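J.: Structure file entry-v7.txt (compact mmCIF, C-alpha atoms) right here:
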# COMPACT_ATOMS: atom_id res chain seq x y z
CA MET A 1 10.94 78.26 48.68
CA ASN A 2 11.89 77.07 52.06
CA VAL A 3 12.77 73.37 52.15
CA THR A 4 13.57 71.82 55.45
CA THR A 5 15.09 68.48 55.90
CA PRO A 6 13.46 66.27 58.43
CA VAL A 7 15.37 66.10 61.68
CA PRO A 8 15.31 62.71 63.37
CA SER A 9 13.60 62.96 66.67
CA ASP A 10 14.76 61.15 69.75
CA ASN A 11 11.46 59.32 70.07
CA VAL A 12 11.36 57.81 66.60
CA PRO A 13 13.89 55.06 65.93
CA GLU A 14 15.70 55.11 62.63
CA SER A 15 14.85 52.32 60.28
CA PRO A 16 17.68 49.78 60.20
CA ARG A 17 19.68 49.62 57.01
CA ARG A 18 19.42 46.34 55.20
CA ASP A 19 22.74 44.66 54.52
CA PRO A 20 22.85 43.72 50.81
CA ARG A 21 25.10 40.75 51.50
CA PRO A 22 23.57 37.33 52.09
CA GLN A 23 23.50 36.06 55.64
CA PRO A 24 26.54 33.90 56.48
CA ARG A 25 25.71 30.24 56.84
CA TYR A 26 29.05 28.58 57.57
CA GLY A 27 31.22 31.48 58.74
CA GLU A 28 32.33 32.34 55.23
CA LEU A 29 31.97 36.12 55.60
CA ALA A 30 34.83 37.84 57.37
CA PRO A 31 34.72 41.27 59.05
CA GLU A 32 35.20 44.35 56.89
CA GLY A 33 38.80 44.92 55.83
CA TRP A 34 39.98 41.46 56.83
CA SER A 35 42.15 39.56 54.42
CA TRP A 36 43.88 36.24 54.86
CA ASP A 37 47.55 35.85 54.14
CA PRO A 38 49.24 32.69 55.42
CA GLY A 39 52.53 34.55 55.90
CA ILE A 40 51.04 37.19 58.22
CA THR A 41 49.80 36.20 61.65
CA SER A 42 47.54 39.20 62.31
CA PRO A 43 45.01 40.74 59.93
CA ARG A 44 46.04 44.04 58.37
CA SER A 45 44.06 46.74 56.73
CA PRO A 46 44.76 47.69 53.10
CA THR A 47 47.00 50.53 54.37
CA GLY A 48 49.24 48.10 56.23
CA GLU A 49 48.13 49.18 59.71
CA PRO A 50 47.00 46.53 62.19
CA ASN A 51 43.30 45.97 61.85
CA SER A 52 41.22 46.89 64.87
CA SER A 53 38.25 44.83 63.77
CA PRO A 54 37.20 41.98 66.00
CA THR A 55 38.89 38.66 65.56
CA LEU A 56 37.10 35.49 64.66
CA GLY A 57 37.15 34.31 68.28
CA THR A 58 35.25 37.38 69.46
CA LEU A 59 32.79 37.13 66.60
CA THR A 60 31.80 33.57 67.35
CA GLY A 61 31.82 33.95 71.13
CA PRO A 62 33.76 32.00 73.69
CA SER A 63 34.74 28.58 72.51
CA LYS A 64 33.56 25.57 74.47
CA PRO A 65 36.36 23.23 75.52
CA ALA A 66 36.20 20.01 73.54
CA VAL A 67 37.51 17.89 76.40
CA PRO A 68 35.60 17.52 79.66
CA VAL A 69 37.34 18.57 82.86
CA TRP A 70 37.32 15.03 84.24
CA ASP A 71 39.48 13.81 81.35
CA ARG A 72 42.41 16.03 82.31
CA ARG A 73 42.17 15.01 85.96
CA VAL A 74 41.84 11.30 85.21
CA THR A 75 44.71 11.41 82.71
CA LEU A 76 47.06 13.16 85.11
CA GLY A 77 46.05 10.83 87.94
CA LEU A 78 46.71 7.79 85.77
CA LEU A 79 50.10 9.20 84.77
CA VAL A 80 51.08 9.65 88.42
CA LEU A 81 49.88 6.12 89.18
CA GLY A 82 51.81 4.87 86.16
CA LEU A 83 54.98 6.58 87.40
CA ALA A 84 54.66 4.80 90.74
CA ALA A 85 54.02 1.50 88.93
CA THR A 86 57.08 2.10 86.75
CA PHE A 87 59.30 2.50 89.82
CA LEU A 88 57.73 -0.61 91.32
CA SER A 89 58.23 -2.69 88.17
CA ILE A 90 61.88 -1.60 87.88
CA GLY A 91 62.35 -2.65 91.51
CA VAL A 92 60.70 -6.02 90.82
CA LEU A 93 62.99 -6.62 87.85
CA ASN A 94 66.05 -5.72 89.92
CA ALA A 95 64.95 -8.13 92.70
CA LEU A 96 64.26 -10.99 90.28
CA PRO A 97 67.65 -12.74 90.71
CA ASP A 98 67.15 -12.70 94.49
CA ALA A 99 63.65 -14.13 94.06
CA ILE A 100 65.03 -16.92 91.89
CA GLN A 101 67.67 -17.66 94.56
CA MET A 102 64.88 -17.89 97.15
CA LEU A 103 63.04 -20.31 94.88
CA TYR A 104 66.22 -22.39 94.60
CA THR A 105 66.54 -22.46 98.38
CA GLN A 106 62.91 -23.48 98.95
CA SER A 107 63.13 -26.22 96.32
CA HIS A 108 66.54 -27.47 97.59
CA LEU A 109 68.19 -26.91 94.20
CA GLY A 110 71.41 -25.47 95.53
CA THR A 111 72.82 -22.04 94.78
CA TYR A 112 71.51 -19.96 91.91
CA VAL A 113 74.21 -18.73 89.56
CA PRO A 114 72.67 -16.18 87.19
CA ASP A 115 73.46 -16.44 83.52
CA SER A 116 75.70 -13.70 82.12
CA SER A 117 72.75 -12.22 80.22
CA VAL A 118 70.56 -11.75 83.31
CA ALA A 119 72.12 -8.44 84.36
CA GLY A 120 71.69 -7.04 80.85
CA LEU A 121 68.10 -8.29 80.63
CA VAL A 122 67.21 -6.73 83.97
CA ALA A 123 68.77 -3.40 82.93
CA ALA A 124 67.08 -3.51 79.52
CA GLY A 125 63.73 -4.25 81.16
CA GLY A 126 64.08 -1.32 83.53
CA ILE A 127 65.09 1.05 80.73
CA THR A 128 62.22 -0.21 78.56
CA GLU A 129 59.72 0.39 81.35
CA ALA A 130 61.03 3.93 81.91
CA ILE A 131 60.98 4.79 78.20
CA LEU A 132 57.48 3.37 77.89
CA TRP A 133 56.25 5.61 80.71
CA LEU A 134 57.96 8.66 79.14
CA LEU A 135 56.32 7.96 75.77
CA THR A 136 52.94 7.48 77.44
CA ALA A 137 53.29 10.74 79.37
CA ALA A 138 54.41 12.65 76.26
CA ALA A 139 51.52 11.32 74.17
CA SER A 140 49.00 12.09 76.93
CA ILE A 141 50.23 15.63 77.46
CA LEU A 142 50.32 16.26 73.71
CA LEU A 143 46.70 15.17 73.38
CA LEU A 144 45.67 17.28 76.38
CA THR A 145 47.35 20.39 74.98
CA ARG A 146 45.60 19.86 71.66
CA GLY A 147 42.24 19.66 73.42
CA LYS A 148 41.62 15.99 72.75
CA ARG A 149 40.68 13.18 75.12
CA ALA A 150 43.70 11.44 76.55
CA PHE A 151 42.59 9.24 79.45
CA TYR A 152 42.94 6.09 77.37
CA VAL A 153 46.65 6.64 76.60
CA PRO A 154 47.88 5.83 80.16
CA LEU A 155 45.58 2.80 80.21
CA ILE A 156 47.09 1.49 76.97
CA GLY A 157 50.56 2.25 78.33
CA ALA A 158 49.76 0.26 81.48
CA VAL A 159 48.69 -2.79 79.46
CA ILE A 160 51.85 -2.60 77.34
CA ALA A 161 54.02 -2.16 80.46
CA PHE A 162 52.38 -5.20 82.05
CA VAL A 163 53.15 -7.31 78.98
CA VAL A 164 56.72 -5.97 78.80
CA ILE A 165 57.57 -6.71 82.45
CA PHE A 166 56.26 -10.28 82.21
CA ALA A 167 58.11 -10.82 78.95
CA PHE A 168 61.40 -9.76 80.55
CA MET A 169 60.69 -11.87 83.63
CA MET A 170 59.98 -14.93 81.50
CA VAL A 171 63.15 -14.42 79.49
CA VAL A 172 65.20 -14.16 82.70
CA VAL A 173 63.61 -17.34 84.11
CA THR A 174 64.19 -19.25 80.86
CA THR A 175 67.92 -18.52 81.04
CA ASP A 176 68.16 -21.00 83.94
CA PRO A 177 67.97 -24.63 82.71
CA THR A 178 67.97 -26.09 86.26
CA LEU A 179 64.77 -24.29 87.18
CA ILE A 180 63.10 -25.23 83.91
CA ASN A 181 64.03 -28.91 84.30
CA PHE A 182 62.81 -28.97 87.92
CA TYR A 183 59.37 -27.59 87.08
CA SER A 184 58.97 -29.55 83.84
CA GLN A 185 59.18 -32.91 85.71
CA PRO A 186 55.87 -34.47 86.82
Could you write out this structure as structure tokens?
T.:
Amino acid sequence: MNVTTPVPSDNVPESPRRDPRPQPRYGELAPEGWSWDPGITSPRSPTGEPNSSPTLGTLTGPSKPAVPVWDRRVTLGLLVLGLAATFLSIGVLNALPDAIQMLYTQSHLGTYVPDSSVAGLVAAGGITEAILWLLTAAASILLLTRGKRAFYVPLIGAVIAFVVIFAFMMVVVTTDPTLINFYSQP
């Protein structure tokens, strides 16, 4: 008895094998041979050799960036603008005693003698402005590297810097009783 096995022809496609596993719905099925171990950074086969199966990134396709391109550009532009504003605000604080002297001269109040705390307040204000910009830049860059929106961080930093510079300016002005008495009279 001569039994021949059927030879697949090139014209007839083979019937696809049905996978007995259920279709993945939420990415819960990993590639064959993949096991997760939090201590190992790359998947390994049961023999200990590096696994050549595709990684999760290649299985799901290219990932779409979560942050639009404009956010990175706007954030970096606002940080550069904030750096320029920081230098300007430090310069304004350093020129504040001269501005008060000019106000004295225009109002015929005599010569302005700054209080002993004015130099320290001006230095503290400049250092606070610089540290505030550094914190804003660090937070913005951290959010950008994590793929999150960050354009609002320099805006919040600018509002805080505005409040800080005016607070220091008001404290410096209030150290001079002659100026306060002059402008408090009707």
J.: Mind checking which residues fall within 9 Å of Leu76 of chain A, counting all atoms listed in the file, ignoring those fewer than 3 positions away in the same chain, and posting them as a ChimeraX atom specification?
T.: /A:71-73,79-81,137,140-141,151,154
J.: Would you mind telling me which residue in A:Asp176, A:Glu129, A:Gly91, A:Leu155 lies nearest to Tyr112 of chain A when using all atoms listed in the file?
T.: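 Going through A:Asp176, A:Glu129, A:Gly91, A:Leu155 one by one, the smallest distance to Tyr112 of chain A is for A:Asp176.
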J.: Got a sec to check which residues sit within 12 Å of (55.9, -0.1, 91.1), counting all atoms listed in the file, and write them as a list of chain:residue names?
T.: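 Those within range, by chain then number, are A:Val80, A:Leu81, A:Gly82, A:Leu83, A:Ala84, A:Ala85, A:Thr86, A:Phe87, A:Leu88, A:Ser89, A:Ile90, A:Gly91, A:Val92, A:Leu93, A:Asn94, A:Gly126, A:Glu129, A:Ala130, A:Trp133, A:Ala158, A:Ala161, A:Phe162, A:Ile165.
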J.: How far is it from atom CA of Thr105 of chain A to atom CA of Ser117 of chain A, in Å with one decimal?
T.: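 For atom CA of Thr105 of chain A relative to atom CA of Ser117 of chain A, the distance reads 21.8 Å.
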J.: Record the distance separating atom CA of Gly157 of chain A and atom CA of Thr128 of chain A, expressed in Å with one decimal.
T.: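 Taking atom CA of Gly157 of chain A and atom CA of Thr128 of chain A, their separation equals 11.9 Å.
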J.: Suppose you want the space between atom CA of Leu134 of chain A and atom CA of Ala167 of chain A; what is it in Å?
T.: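 Taking atom CA of Leu134 of chain A as the start and atom CA of Ala167 of chain A as the end point, the length is 19.5 Å.
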J.: Just checking: using only C-alpha atoms, which residue out of A:Tyr104, A:Tyr183, A:Trp70, A:Phe166 ends up closest to Leu144 of chain A?
T.: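 The closest residue to Leu144 of chain A is A:Trp70.
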J.: With a distance cut-off of 9 Å and all atoms listed in the file, select the neighbouring residues of Val172 of chain A, excluding the residue or stretch itself and same-chain residues fewer than 2 positions from it, and output the selection as a list in words.
T.: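 Surrounding residues, per the criterion: Leu96, Pro97, Pro114, Asp115, Ser117, Val118, Leu121, Val122, Ala167, Phe168, Met169, Met170, Thr174, Thr175 and Asp176 of chain A.
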